[in-house]
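Asks: Mind looking over this structure? Questions follow.
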Amino acid sequence: MRLLLVRHGETSWNAEGRYQGQTDIPLSAVGEDQARKLGGRVNDVAITRAVASPWSRARRTAELALGATRESMLTIDAGFSEIHHGAWEGKLAGEIADSDGERFAAWRSTPESVLMPGGESLHHVLDRAWPALQRACASLGDDDTLLLVAHDAVNRVLLCRVLGIPLSKLWGFRQAPTTLNLLEGVDVDHLEVVRLND
């Protein structure tokens with residue numbers, strides 16, 4: 001089984017450095033172009049199943065990556081929704097540092113300890129995203145490929161789980177817009193990371 005784990009393309013808020021979370025910000029023109037380029041890259045890959053987060057930036061990235069002939073295979077699972085940043089959503093990092101400095105510093109140094117104000121923790125995200133991944137991978141065979149388009153924090157917690165590293169190491173690798181992570185294994189509990197942030 002192969003898993004193509006993708007982060008959505010760029011949005012205007014990504015470009016500005018604003019925290020998006022569960023605010024439904026669409027892809028920018030740059031993000032749409034990134035998603036089309038991803039589509040060119042996976043055009044010849046036999047994709048068995050495709051799943052995305054319900055937020056438009058992830059859903060649209062998946063649609064453009066799949067192309068017109070394959071976009072009908074796309075399904076949506078709310079388990080892959082981005083972390084709910086609560087009161088931080090729509091704010092720049094500097095604004096958050098000024099208004100919620102202690103929590104923001106913890107988010108950068110000990111992210112696993114932070115509960116977003118009015119939102120979620122990384123543990124909450126993992127607790128819903130891992131079962132969603134199990135659902136998405138159910139009944140896939142050795143030669144099947146899943147395309148999963150999600151978000152920065154979602155991808156990071158899933159990768160931490162697969163790599164067997166604590167959530168405290170969340171910032172130890174990158175997840176750029178439309179990054180492609182390739183994972184392979186006999187099932188969801190035996191995945192290996194073949195490519196990271198490609």
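Letters A, B, ... go to the chains of the structure tokens in the order shown; residues in each chain start at 1; ligands are counted from 1 in the same order.
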Residues of stretch 13-96 of chain A that have any atom at most 10 Å from an atom of stretch 122-137 of chain A: could you tabulate them with the shortest-distance atom pair and the distance in Å to one decimal, using only C-alpha atoms, ordered by chain and increasing number, as a tab-separated table?
Replies:
```
residue	atom	partner	partner_atom	distance
A:Arg49	CA	A:Ala136	CA	8.0
A:Ala50	CA	A:Ala136	CA	8.3
A:Val51	CA	A:Ala136	CA	7.0
A:Ala52	CA	A:Ala136	CA	9.8
A:Thr75	CA	A:Ala136	CA	9.4
A:Ile76	CA	A:Ala136	CA	9.8
A:Asp77	CA	A:Ala132	CA	6.9
A:Ala78	CA	A:Ala132	CA	8.1
A:Gly79	CA	A:Ala129	CA	4.9
A:Phe80	CA	A:Ala129	CA	5.3
A:Ser81	CA	A:Ala129	CA	8.0
A:Glu82	CA	A:Val125	CA	7.7
A:Ile83	CA	A:Val125	CA	6.1
A:His84	CA	A:Val125	CA	8.6
```
Asks: Using DSSP on the backbone coordinates, identify all residues within stretch 89-153 of chain A classified as strand (DSSP E); present the result as a PyMOL selection string.
Replies: chain A and resi 145-150
Asks: Just asking: which residues within stretch 94-187 of chain A are alpha helix (DSSP H) according to DSSP, as a PyMOL selection string?
Replies: chain A and resi 94-99+101-109+122-137+152-163
Asks: List the neighbours of A:Met1 out to 6 Å using only C-alpha atoms; skip same-chain residues closer than 5 positions along the sequence, and give me the result as a PyMOL selection string.
Replies: chain A and resi 141-145+184-186
Asks: Restrict the calculation to only C-alpha atoms, then for each residue of stretch 105-148 of chain A with any atom at most 10 Å from an atom of stretch 180-183 of chain A give the closest atom pair and their distance in Å to one decimal, rows by chain and rising residue number, as CSV.
Replies:
```
residue,atom,partner,partner_atom,distance
A:Thr145,CA,A:Leu183,CA,9.8
A:Leu146,CA,A:Leu183,CA,9.8
A:Leu147,CA,A:Leu182,CA,9.7
A:Leu148,CA,A:Asn181,CA,9.9
```
Asks: Any chance you could export the current selection's N, CA and C atoms as an mmCIF file, in the first residue's frame?
Replies:
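Output file selection.cif is given in full below:
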```
data_model
loop_
_atom_site.group_PDB
_atom_site.id
_atom_site.type_symbol
_atom_site.label_atom_id
_atom_site.label_comp_id
_atom_site.auth_asym_id
_atom_site.auth_seq_id
_atom_site.Cartn_x
_atom_site.Cartn_y
_atom_site.Cartn_z
ATOM 1 N N THR A 145 -2.930 2.671 -4.070
ATOM 2 C CA THR A 145 -2.369 3.973 -3.693
ATOM 3 C C THR A 145 -3.481 4.900 -3.231
ATOM 4 N N LEU A 146 -3.270 5.505 -2.074
ATOM 5 C CA LEU A 146 -4.193 6.486 -1.499
ATOM 6 C C LEU A 146 -3.588 7.866 -1.617
ATOM 7 N N LEU A 147 -4.355 8.808 -2.155
ATOM 8 C CA LEU A 147 -3.981 10.226 -2.135
ATOM 9 C C LEU A 147 -4.759 10.875 -0.998
ATOM 10 N N LEU A 148 -4.035 11.469 -0.067
ATOM 11 C CA LEU A 148 -4.657 12.145 1.067
ATOM 12 C C LEU A 148 -4.159 13.576 1.108
#
```
Asks: Work out how far apart atom CA of A:Gly9 and atom CA of A:Thr178 are and give it in Å to one decimal.
Replies: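 These two atoms are separated by 4.8 Å.
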Asks: Which residues, written as a list in words, have at least one atom at most 10 Å from A:Glu32, with only C-alpha atoms counted and residues fewer than 6 positions away on the same chain left out?
Replies: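 Neighbouring residues, sequence-local ones excluded: His8, Gly9, Glu10, Thr11, Pro26, Leu38, Arg57, Arg60, Thr61, Leu64, Ala65 and Thr178 of chain A.
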Asks: Could those residues be written to a file, using N, CA and C atoms, as a PDB file, in the first residue's frame?
Replies:
```pdb
ATOM      1  N   HIS A   8      -2.149  20.957   1.496  1.00  0.00           N
ATOM      2  CA  HIS A   8      -2.823  21.816   0.516  1.00  0.00           C
ATOM      3  C   HIS A   8      -1.884  22.896  -0.012  1.00  0.00           C
ATOM      4  N   GLY A   9      -2.282  23.492  -1.123  1.00  0.00           N
ATOM      5  CA  GLY A   9      -1.523  24.589  -1.713  1.00  0.00           C
ATOM      6  C   GLY A   9      -1.636  25.870  -0.900  1.00  0.00           C
ATOM      7  N   GLU A  10      -0.873  26.847  -1.312  1.00  0.00           N
ATOM      8  CA  GLU A  10      -0.791  28.114  -0.589  1.00  0.00           C
ATOM      9  C   GLU A  10      -2.101  28.899  -0.648  1.00  0.00           C
ATOM     10  N   THR A  11      -2.404  29.571   0.450  1.00  0.00           N
ATOM     11  CA  THR A  11      -3.521  30.514   0.519  1.00  0.00           C
ATOM     12  C   THR A  11      -2.954  31.907   0.779  1.00  0.00           C
ATOM     13  N   PRO A  26      -9.707  29.965   0.909  1.00  0.00           N
ATOM     14  CA  PRO A  26      -9.466  29.235  -0.349  1.00  0.00           C
ATOM     15  C   PRO A  26      -8.016  29.344  -0.801  1.00  0.00           C
ATOM     16  N   LEU A  38       1.284  19.711  -8.965  1.00  0.00           N
ATOM     17  CA  LEU A  38       1.219  18.425  -8.264  1.00  0.00           C
ATOM     18  C   LEU A  38       0.467  17.415  -9.128  1.00  0.00           C
ATOM     19  N   ARG A  57      -9.446  24.669   0.827  1.00  0.00           N
ATOM     20  CA  ARG A  57      -8.058  24.697   0.348  1.00  0.00           C
ATOM     21  C   ARG A  57      -7.509  23.286   0.140  1.00  0.00           C
ATOM     22  N   ARG A  60      -9.863  21.572  -2.845  1.00  0.00           N
ATOM     23  CA  ARG A  60      -9.514  22.082  -4.172  1.00  0.00           C
ATOM     24  C   ARG A  60      -8.136  21.574  -4.613  1.00  0.00           C
ATOM     25  N   THR A  61      -7.201  21.502  -3.688  1.00  0.00           N
ATOM     26  CA  THR A  61      -5.882  20.947  -4.023  1.00  0.00           C
ATOM     27  C   THR A  61      -6.032  19.522  -4.527  1.00  0.00           C
ATOM     28  N   LEU A  64      -7.651  19.485  -8.108  1.00  0.00           N
ATOM     29  CA  LEU A  64      -6.716  19.888  -9.155  1.00  0.00           C
ATOM     30  C   LEU A  64      -5.622  18.842  -9.350  1.00  0.00           C
ATOM     31  N   ALA A  65      -5.185  18.214  -8.262  1.00  0.00           N
ATOM     32  CA  ALA A  65      -4.161  17.169  -8.369  1.00  0.00           C
ATOM     33  C   ALA A  65      -4.708  15.948  -9.109  1.00  0.00           C
ATOM     34  N   THR A 178       1.679  22.068  -0.824  1.00  0.00           N
ATOM     35  CA  THR A 178       1.645  20.969  -1.809  1.00  0.00           C
ATOM     36  C   THR A 178       2.836  20.032  -1.695  1.00  0.00           C
TER      37      THR A 178
END
```
Asks: Point out the residue among A:Ala46, A:Val194, A:Val188, A:Leu66 with the least atom-to-atom distance to A:Ala138, counting only C-alpha atoms.
Replies: A:Val188
Asks: What is the distance, in Å and to one decimal place, between atom CA of A:Ala176 and atom CA of A:Leu140?
Replies: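 So the two atoms, atom CA of A:Ala176 and atom CA of A:Leu140, lie 27.2 Å apart.
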Asks: Of the candidates A:Ala15, A:Val114, A:Ile47, A:Val162, which shows the shortest atom-to-atom distance to A:Leu27, using only C-alpha atoms?
Replies: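 Among A:Ala15, A:Val114, A:Ile47, A:Val162, it is A:Ala15 that comes nearest to A:Leu27.
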Asks: Atom CA of A:Leu191 and atom CA of A:Ser168 are how many Å apart?
Replies: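 Distance reported for this atom pair: 20.7 Å.
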Asks: Have a look at A:Gly90, A:Arg59, A:Gln34, A:Leu5 and name the one nearest to A:Met73; count only C-alpha atoms.
Replies: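 Under the stated criterion, the closest residue is A:Arg59.
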Asks: Measuring atom to atom with only C-alpha atoms, identify which of A:Ser72, A:Arg18, A:Thr48, A:Asp98 is nearest to A:His85.
Replies: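 Checking each of A:Ser72, A:Arg18, A:Thr48, A:Asp98 against A:His85, counting only C-alpha atoms, the winner is A:Arg18.
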Asks: So which residues touch stretch 155-159 of chain A within 7 Å, counting only C-alpha atoms, skipping near sequence neighbours fewer than 4 positions away, as number ranges by chain?
Replies: A: 126, 130, 150-151, 163, 167, 170
Asks: Please save N, CA, C and O atoms of the selected residues as a short mmCIF file (atom, residue, chain, number, x, y, z; two decimals), in the first residue's frame.
Replies:
```cif
data_model
loop_
_atom_site.label_atom_id
_atom_site.label_comp_id
_atom_site.auth_asym_id
_atom_site.auth_seq_id
_atom_site.Cartn_x
_atom_site.Cartn_y
_atom_site.Cartn_z
N LEU A 126 -4.49 14.35 16.63
CA LEU A 126 -4.06 12.97 16.39
C LEU A 126 -5.18 11.98 16.71
O LEU A 126 -5.38 10.99 15.99
N TRP A 130 -5.86 9.97 13.18
CA TRP A 130 -5.39 8.59 13.01
C TRP A 130 -6.54 7.64 12.67
O TRP A 130 -6.41 6.85 11.73
N ALA A 150 -4.37 17.00 3.19
CA ALA A 150 -4.76 17.53 4.49
C ALA A 150 -4.01 18.84 4.77
O ALA A 150 -3.86 19.67 3.87
N HIS A 151 -3.54 19.00 5.99
CA HIS A 151 -3.02 20.28 6.47
C HIS A 151 -1.71 20.09 7.21
O HIS A 151 -1.33 18.98 7.57
N LEU A 163 6.51 7.71 12.36
CA LEU A 163 7.94 7.68 12.65
C LEU A 163 8.25 7.25 14.08
O LEU A 163 9.41 6.99 14.41
N LEU A 167 5.24 14.06 19.83
CA LEU A 167 4.71 15.29 19.24
C LEU A 167 5.58 16.50 19.58
O LEU A 167 5.50 17.53 18.89
N LEU A 170 7.52 17.89 16.64
CA LEU A 170 6.66 18.30 15.53
C LEU A 170 7.33 19.28 14.57
O LEU A 170 7.09 19.24 13.37
#
```
Asks: Can you pull out every residue within 12 Å of A:Ala93, counting only C-alpha atoms, but drop anything in the same chain fewer than 6 positions away, and send it as a ChimeraX atom specification?
Replies: /A:13-14,16-20,99-101,103-105,107-108
